[in-house]
Structure formats: structure tokens, C-alpha cells
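Below: one structure, written as C-alpha cells.
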Amino acid sequence: MLNTYIQTFWRSFHHNLSYIIIIRLFTKSWSSDIRLDGKTAIVTGANTGIGKETVKDLAMRGARVILACRDLLKAEQAAGDISRDVENANVVVRKLDLADTRSICDFAELIYNTEKSLHLLINNAGVAMCPYSTTADGFETQFGVNHLGHFFLTFLLMDLLKHSAPSRVINVSLAHHMGKIHFEDLNSEKSYHPVKAYVQSKLANILFTRELAPRAEEMGVSVYAVDPGLVKTDIIRHLNKSLQFFVKTFGFLIKPPEEGAYTTLYCALTPDLPTGAYYSNCAMAPCSRAANDDNTASRLWAVSCHLLGIRWK
């Protein structure tokens with residue numbers, strides 16, 4: 001028998017099936033002629049899927065793009081693919097393991113030592129619905145990588161983003177509507193379910209965006225949360241049989257990675273976009289009630305700082 005979270009997923013899916021079909025069939029092809037010559041971007045999880053397509057587009061616009069990846073071999077292969085497709089692409093690979101705060105520190109130090117500016121930080125990497133495990137620092141992996149890893153990375157790079165203003169931070173999040181922040185068990189030590197942990201981490205991305213935006217705006221840094229939609233990427237590799245059945249049965253509803261990157265690129269490039277908002281299908285979109293809770297956002301910010309041992313006011 002399907003457990004509570006899988007049942008919730010299916011109820012939500014069936015309830016919204018008509019809406020999903022309409023959105024998929026009428027997904028607009030987004031484009032922009034904005035150039036990014038002289039700009040520098042970092043994309044985490046850039047060796048495949050949405051991240052790779054994002055790098056490719058930014059490189060075509062003349063940006064210097066840093067592929068921040070855990071697997072250097074796959075990242076170098078992705079960079080090679082992009083260089084073959086994009087003439088004079090300025091793409092470089094850097095090691096970043098978001099499951100290890102030491103690696104995040106080393107990455108940030110290297111960026112400060114090698115880059116004069118940073119205009120776009122795209123927090124794209126993620127793990128989804130994997131078996132229980134912990135990061136190098138003892139955090140549940142999905143919460144540790146998807147939320148805390150990017151939270152810490154953004155904290156460390158904020159001075160460079162501020163120095164390079166106007167600049168932008170983009171947090172990629174999917175399926176936050178099912179999420180709840182379990183402050184009594186953030187690391188799922190009392191009970192673990194891969195879907196529960198995943199949607200918690202994705203809700204955390206939205207709340208992080210909400211809390212960071214007013215702090216960063218005065219420094220010239222805009223912050224956006226992006227829902228890429230249902231996209232065919234490697235992140236689905238841990239799905240159980242029920243969700244794999246969905247992927248196979250309703251594959252026509254799932255976007256290819258290049259379309260999945262549209263809203264990220266929309267938020268990276270569109271002038272005068274309101275900061276702190278949630279975007280889907282290249283437009284501002286409503287988020288869940290939990291994602292609009294300022295008290296939860298503030299509390300999560302404080303708890304995240306405590307867990308990471310940092311002070312970020």
C-alpha cells in the first residue's frame with residue numbers, strides 16, 4: 001500500500017492533471033536577445049539537465065560561466081559539449097560538493113582568488129527522493145544539499161555579488177507545495193521518507209529566497225525562486241516504481257531540459273523583475289501558504305545559520 005506522501009502526490013497530480021496538460025501544451029517558447037559580455041555566472045549542478053542547458057545559453061550570450069560540480073569528469077565532458085556547440089564559449093569547471101561544507105569553503109575561496117566579479121549565482125543542483133544518507137557534516141542529504149549547501153554557498157559569495165551589483169541569485173525549486181518545515185526533525189532522524197525530505201528542502205528554497213530578498217536588495221542583489229516544471233533530468237533516478245510509472249505514462253507532459261531552463265533564464269535576464277518572488281513558466285506565480293509564512297522563513301533562516309555555525313543578519 002502506498003504511504004501517505006505518495007498518496008498525497010497522486011491526489012495532487014490527479015487534481016491538477018488538466019491544468020498540467022494545459023500548461024504543458026501551451027508552454028511558451030521564451031527567447032531574449034540580451035547579451036552578457038563581460039558578465040560572470042556560476043551554475044551549480046551544471047554537468048547535466050537544466051544546469052547544462054542554462055550554461056549553454058549563458059555562454060551563447062557571451063558570459064563567462066563556471067560549472068560548479070561534484071563530479072569533475074562529467075563536468076569536463078559537459079564543458080566540452082558546450083564548447084563544441086558554442087563558438088568561443090568561455091566555460092570553466094570548478095569542484096563543488098554541496099554535501100561538504102569544507103568543499104563549499106574551498107570553492108568560494110577559489111572563486112575569490114580567480115574571479116573579479118560575479119553577476120549571476122544560479123543554485124540549480126539538487127538531489128531528489130534518495131535513500132536515507134547524511135552529508136559530510138551530518139545533515140540529512142536532501143536538506144543538507146538542496147537547502148543548507150546553497151544557503152552556505154550564497155552566504156560565502158555574497159560579498160562578491162555585492163561588489164558586482166547589480167547581480168542576481170536564482171534558487172531552483174520544484175514541488176514545494178507539498179512541503180512542510182519539520183523544525184522538530186529537520187534532519188529526519190526520528191523518521192525518514194524520501195518524498196517528505198525532498199519537499200521540505202524545496203520549500204526551504206522558497207523560504208530562503210523570501211528571507212534573503214529584502215536583505216540583499218539594499219546591496220543591489222536581486223533574488224528569485226524558480227519552478228522549472230516537470231523536466232526530464234537525471235534527478236529522477238531515485239524515484240520509486242509508482243513515480244517511474246508516472247514518468248513513463250505521462251512522459252508527454254515532461255519538458256526537455258532546454259525548456260526546463262526557460263524560467264531560470266527568464267529570471268537571469270529580464271530587466272526590472274520584482275525580487276523575492278516565485279516564478280514559473282516565465283511569469284510570477286503563486287506559491288503555497290507555507291511558502292508565504294514570514295515567521296517560518298525567519299525561523300528557518302536562524303536555524304540554518306545555527307546549523308552552519310555562521311552569523312548572517
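Identifiers for the C-alpha cells are assigned positionally: chains receive A, B, ... in sequence, residues are indexed from 1 per chain, and ligands are indexed from 1 in the order shown.
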Contacts of Arg311 in chain A at 10 Å or less, counting only C-alpha atoms, minus same-chain residues fewer than 3 places along, as a list in words?
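Surrounding residues, per the criterion: Phe155, Ala302, Ser304, Cys305, His306 and Leu308 of chain A.
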Strand (DSSP E) residues, from DSSP on the backbone, in range 65-252 of chain A, as a PyMOL selection string:
chain A and resi 65-69+90-95+120-123+167-172+221-227
Store the residues of this selection in a file with N, CA and C atoms, as an mmCIF file, in the first residue's frame.
data_model
loop_
_atom_site.group_PDB
_atom_site.id
_atom_site.type_symbol
_atom_site.label_atom_id
_atom_site.label_comp_id
_atom_site.auth_asym_id
_atom_site.auth_seq_id
_atom_site.Cartn_x
_atom_site.Cartn_y
_atom_site.Cartn_z
ATOM 1 N N VAL A 65 31.103 31.449 -17.753
ATOM 2 C CA VAL A 65 30.251 30.609 -16.923
ATOM 3 C C VAL A 65 31.084 29.541 -16.228
ATOM 4 N N ILE A 66 30.900 29.460 -14.923
ATOM 5 C CA ILE A 66 31.609 28.473 -14.096
ATOM 6 C C ILE A 66 30.662 27.326 -13.791
ATOM 7 N N LEU A 67 31.039 26.132 -14.214
ATOM 8 C CA LEU A 67 30.279 24.929 -13.918
ATOM 9 C C LEU A 67 30.734 24.418 -12.553
ATOM 10 N N ALA A 68 29.890 24.564 -11.553
ATOM 11 C CA ALA A 68 30.230 24.161 -10.187
ATOM 12 C C ALA A 68 29.637 22.780 -9.930
ATOM 13 N N CYS A 69 30.497 21.751 -9.936
ATOM 14 C CA CYS A 69 30.011 20.375 -9.935
ATOM 15 C C CYS A 69 30.821 19.478 -9.008
ATOM 16 N N ASN A 90 33.175 30.644 -23.161
ATOM 17 C CA ASN A 90 34.076 30.863 -22.029
ATOM 18 C C ASN A 90 33.507 30.122 -20.830
ATOM 19 N N VAL A 91 33.773 28.823 -20.761
ATOM 20 C CA VAL A 91 33.253 27.983 -19.683
ATOM 21 C C VAL A 91 34.413 27.301 -18.960
ATOM 22 N N VAL A 92 34.323 27.285 -17.640
ATOM 23 C CA VAL A 92 35.362 26.648 -16.834
ATOM 24 C C VAL A 92 34.698 25.754 -15.785
ATOM 25 N N VAL A 93 35.419 24.734 -15.375
ATOM 26 C CA VAL A 93 34.902 23.763 -14.414
ATOM 27 C C VAL A 93 35.591 23.958 -13.064
ATOM 28 N N ARG A 94 34.784 23.942 -12.003
ATOM 29 C CA ARG A 94 35.320 24.025 -10.647
ATOM 30 C C ARG A 94 34.644 22.962 -9.773
ATOM 31 N N LYS A 95 35.419 22.421 -8.874
ATOM 32 C CA LYS A 95 34.924 21.380 -7.975
ATOM 33 C C LYS A 95 34.056 21.992 -6.875
ATOM 34 N N LEU A 120 25.800 36.484 -11.644
ATOM 35 C CA LEU A 120 24.708 35.518 -11.535
ATOM 36 C C LEU A 120 25.158 34.304 -10.735
ATOM 37 N N LEU A 121 24.428 34.005 -9.666
ATOM 38 C CA LEU A 121 24.630 32.764 -8.929
ATOM 39 C C LEU A 121 23.348 31.956 -9.082
ATOM 40 N N ILE A 122 23.432 30.855 -9.810
ATOM 41 C CA ILE A 122 22.255 30.038 -10.088
ATOM 42 C C ILE A 122 22.366 28.736 -9.305
ATOM 43 N N ASN A 123 21.600 28.661 -8.223
ATOM 44 C CA ASN A 123 21.617 27.499 -7.330
ATOM 45 C C ASN A 123 20.679 26.435 -7.891
ATOM 46 N N SER A 167 23.419 42.377 -9.414
ATOM 47 C CA SER A 167 23.639 40.951 -9.594
ATOM 48 C C SER A 167 22.400 40.194 -9.131
ATOM 49 N N ARG A 168 22.380 38.883 -9.400
ATOM 50 C CA ARG A 168 21.180 38.100 -9.105
ATOM 51 C C ARG A 168 21.528 36.725 -8.545
ATOM 52 N N VAL A 169 20.652 36.255 -7.655
ATOM 53 C CA VAL A 169 20.710 34.889 -7.135
ATOM 54 C C VAL A 169 19.414 34.205 -7.546
ATOM 55 N N ILE A 170 19.520 33.017 -8.104
ATOM 56 C CA ILE A 170 18.339 32.272 -8.533
ATOM 57 C C ILE A 170 18.349 30.901 -7.875
ATOM 58 N N ASN A 171 17.277 30.603 -7.135
ATOM 59 C CA ASN A 171 17.139 29.321 -6.445
ATOM 60 C C ASN A 171 16.094 28.472 -7.168
ATOM 61 N N VAL A 172 16.518 27.323 -7.663
ATOM 62 C CA VAL A 172 15.623 26.452 -8.414
ATOM 63 C C VAL A 172 14.909 25.507 -7.448
ATOM 64 N N VAL A 221 21.508 43.298 -4.974
ATOM 65 C CA VAL A 221 21.409 41.886 -5.363
ATOM 66 C C VAL A 221 19.936 41.479 -5.347
ATOM 67 N N SER A 222 19.422 41.009 -6.476
ATOM 68 C CA SER A 222 18.048 40.524 -6.571
ATOM 69 C C SER A 222 18.028 39.008 -6.408
ATOM 70 N N VAL A 223 16.917 38.497 -5.873
ATOM 71 C CA VAL A 223 16.821 37.067 -5.566
ATOM 72 C C VAL A 223 15.499 36.521 -6.088
ATOM 73 N N TYR A 224 15.556 35.372 -6.735
ATOM 74 C CA TYR A 224 14.367 34.784 -7.335
ATOM 75 C C TYR A 224 14.287 33.288 -7.036
ATOM 76 N N ALA A 225 13.070 32.802 -6.878
ATOM 77 C CA ALA A 225 12.819 31.361 -6.779
ATOM 78 C C ALA A 225 12.159 30.919 -8.068
ATOM 79 N N VAL A 226 12.621 29.801 -8.609
ATOM 80 C CA VAL A 226 12.169 29.349 -9.918
ATOM 81 C C VAL A 226 11.669 27.912 -9.853
ATOM 82 N N ASP A 227 10.483 27.701 -10.398
ATOM 83 C CA ASP A 227 9.951 26.350 -10.585
ATOM 84 C C ASP A 227 10.124 26.004 -12.060
#
Tell me which of A:Gly144, A:Thr270, A:Ser288, A:Ala136 sits closest to His176 in chain A, counting only C-alpha atoms.
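Result for the nearest residue to His176 in chain A: A:Ser288.
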For a test of reading the model, state the distance in Å between CA of Met219 in chain A and CA of Pro271 in chain A, rounded to one decimal.
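So the answer is 17.1 Å.
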Could you write out, as an MDAnalysis selection string, all the residues of range 71-223 of chain A that DSSP marks as helix (DSSP H, G or I)?
chainID A and resid 72:85 101:114 141:163 176:178 183:185 194:217
Restricting to only C-alpha atoms, whichever of A:Leu265, A:Leu207, A:Cys130, A:Leu118 is closest to His163 in chain A is A:Leu118
Proximity to Gly51 in chain A - best of A:Leu148, A:Ile310, A:Ala75, A:Ala108, only C-alpha atoms
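Using only C-alpha atoms, Gly51 in chain A sits closest to A:Ala75.
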Go through A:Glu259, A:Trp312, A:Phe152, A:Asp159 one by one, measure the shortest atom-to-atom distance of each to Gly49 in chain A using only C-alpha atoms, and give the residue with the smallest value.
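Of all the options, A:Glu259 lies closest to Gly49 in chain A.
Take CA of Ala165 in chain A and CA of Glu217 in chain A: the distance between them is 9.9 Å.
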Which polymer residues have any atom within 10 Å of an atom of Trp30 in chain A, counting only C-alpha atoms, with same-chain residues fewer than 4 positions away left out, as a PyMOL selection string?
chain A and resi 259+261-263+265-266+281-282
Same residues, all heavy atoms, saved as a PDB file, in the first residue's frame:
ATOM      1  N   GLU A 259      13.792  23.356 -22.340  1.00  0.00           N
ATOM      2  CA  GLU A 259      12.596  24.085 -21.942  1.00  0.00           C
ATOM      3  C   GLU A 259      12.557  24.283 -20.432  1.00  0.00           C
ATOM      4  O   GLU A 259      12.056  25.297 -19.941  1.00  0.00           O
ATOM      5  CB  GLU A 259      11.334  23.356 -22.414  1.00  0.00           C
ATOM      6  CG  GLU A 259      11.124  23.381 -23.916  1.00  0.00           C
ATOM      7  CD  GLU A 259       9.812  22.723 -24.328  1.00  0.00           C
ATOM      8  OE1 GLU A 259       8.916  22.575 -23.468  1.00  0.00           O
ATOM      9  OE2 GLU A 259       9.691  22.344 -25.503  1.00  0.00           O
ATOM     10  N   ALA A 261      14.923  25.024 -18.643  1.00  0.00           N
ATOM     11  CA  ALA A 261      15.811  26.142 -18.297  1.00  0.00           C
ATOM     12  C   ALA A 261      15.192  27.503 -18.582  1.00  0.00           C
ATOM     13  O   ALA A 261      15.738  28.531 -18.169  1.00  0.00           O
ATOM     14  CB  ALA A 261      17.129  26.014 -19.063  1.00  0.00           C
ATOM     15  N   TYR A 262      14.043  27.549 -19.275  1.00  0.00           N
ATOM     16  CA  TYR A 262      13.470  28.827 -19.698  1.00  0.00           C
ATOM     17  C   TYR A 262      13.256  29.799 -18.538  1.00  0.00           C
ATOM     18  O   TYR A 262      13.618  30.974 -18.618  1.00  0.00           O
ATOM     19  CB  TYR A 262      12.123  28.605 -20.393  1.00  0.00           C
ATOM     20  CG  TYR A 262      12.190  28.102 -21.816  1.00  0.00           C
ATOM     21  CD1 TYR A 262      11.034  27.655 -22.459  1.00  0.00           C
ATOM     22  CD2 TYR A 262      13.381  28.089 -22.539  1.00  0.00           C
ATOM     23  CE1 TYR A 262      11.071  27.192 -23.776  1.00  0.00           C
ATOM     24  CE2 TYR A 262      13.428  27.622 -23.838  1.00  0.00           C
ATOM     25  CZ  TYR A 262      12.262  27.176 -24.456  1.00  0.00           C
ATOM     26  OH  TYR A 262      12.302  26.724 -25.749  1.00  0.00           O
ATOM     27  N   THR A 263      12.629  29.323 -17.458  1.00  0.00           N
ATOM     28  CA  THR A 263      12.276  30.259 -16.385  1.00  0.00           C
ATOM     29  C   THR A 263      13.514  30.717 -15.621  1.00  0.00           C
ATOM     30  O   THR A 263      13.586  31.867 -15.172  1.00  0.00           O
ATOM     31  CB  THR A 263      11.238  29.638 -15.439  1.00  0.00           C
ATOM     32  OG1 THR A 263      10.119  29.192 -16.207  1.00  0.00           O
ATOM     33  CG2 THR A 263      10.744  30.658 -14.429  1.00  0.00           C
ATOM     34  N   LEU A 265      16.413  31.215 -17.022  1.00  0.00           N
ATOM     35  CA  LEU A 265      16.985  32.231 -17.906  1.00  0.00           C
ATOM     36  C   LEU A 265      16.138  33.500 -17.911  1.00  0.00           C
ATOM     37  O   LEU A 265      16.678  34.615 -17.963  1.00  0.00           O
ATOM     38  CB  LEU A 265      17.124  31.661 -19.318  1.00  0.00           C
ATOM     39  CG  LEU A 265      18.142  30.518 -19.435  1.00  0.00           C
ATOM     40  CD1 LEU A 265      17.972  29.789 -20.764  1.00  0.00           C
ATOM     41  CD2 LEU A 265      19.559  31.034 -19.270  1.00  0.00           C
ATOM     42  N   TYR A 266      14.839  33.321 -17.847  1.00  0.00           N
ATOM     43  CA  TYR A 266      13.936  34.476 -17.762  1.00  0.00           C
ATOM     44  C   TYR A 266      14.284  35.327 -16.542  1.00  0.00           C
ATOM     45  O   TYR A 266      14.375  36.562 -16.633  1.00  0.00           O
ATOM     46  CB  TYR A 266      12.492  33.978 -17.682  1.00  0.00           C
ATOM     47  CG  TYR A 266      11.454  35.047 -17.419  1.00  0.00           C
ATOM     48  CD1 TYR A 266      10.957  35.833 -18.459  1.00  0.00           C
ATOM     49  CD2 TYR A 266      10.961  35.267 -16.133  1.00  0.00           C
ATOM     50  CE1 TYR A 266       9.999  36.817 -18.217  1.00  0.00           C
ATOM     51  CE2 TYR A 266      10.003  36.241 -15.888  1.00  0.00           C
ATOM     52  CZ  TYR A 266       9.528  37.015 -16.932  1.00  0.00           C
ATOM     53  OH  TYR A 266       8.585  37.980 -16.697  1.00  0.00           O
ATOM     54  N   ASN A 281       6.970  29.030 -15.446  1.00  0.00           N
ATOM     55  CA  ASN A 281       6.556  29.225 -16.840  1.00  0.00           C
ATOM     56  C   ASN A 281       6.780  30.672 -17.283  1.00  0.00           C
ATOM     57  O   ASN A 281       5.918  31.278 -17.941  1.00  0.00           O
ATOM     58  CB  ASN A 281       5.084  28.824 -17.016  1.00  0.00           C
ATOM     59  CG  ASN A 281       4.722  28.586 -18.476  1.00  0.00           C
ATOM     60  OD1 ASN A 281       5.552  28.164 -19.265  1.00  0.00           O
ATOM     61  ND2 ASN A 281       3.481  28.870 -18.826  1.00  0.00           N
ATOM     62  N   CYS A 282       7.935  31.219 -16.908  1.00  0.00           N
ATOM     63  CA  CYS A 282       8.355  32.561 -17.326  1.00  0.00           C
ATOM     64  C   CYS A 282       7.383  33.655 -16.897  1.00  0.00           C
ATOM     65  O   CYS A 282       7.107  34.614 -17.642  1.00  0.00           O
ATOM     66  CB  CYS A 282       8.569  32.613 -18.840  1.00  0.00           C
ATOM     67  SG  CYS A 282       9.851  31.479 -19.427  1.00  0.00           S
TER      68      CYS A 282
END
I'd like the interatomic distance between CA of Ala59 in chain A and CA of Ser31 in chain A, to a tenth of an Å.
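Taking CA of Ala59 in chain A and CA of Ser31 in chain A, their separation equals 14.7 Å.
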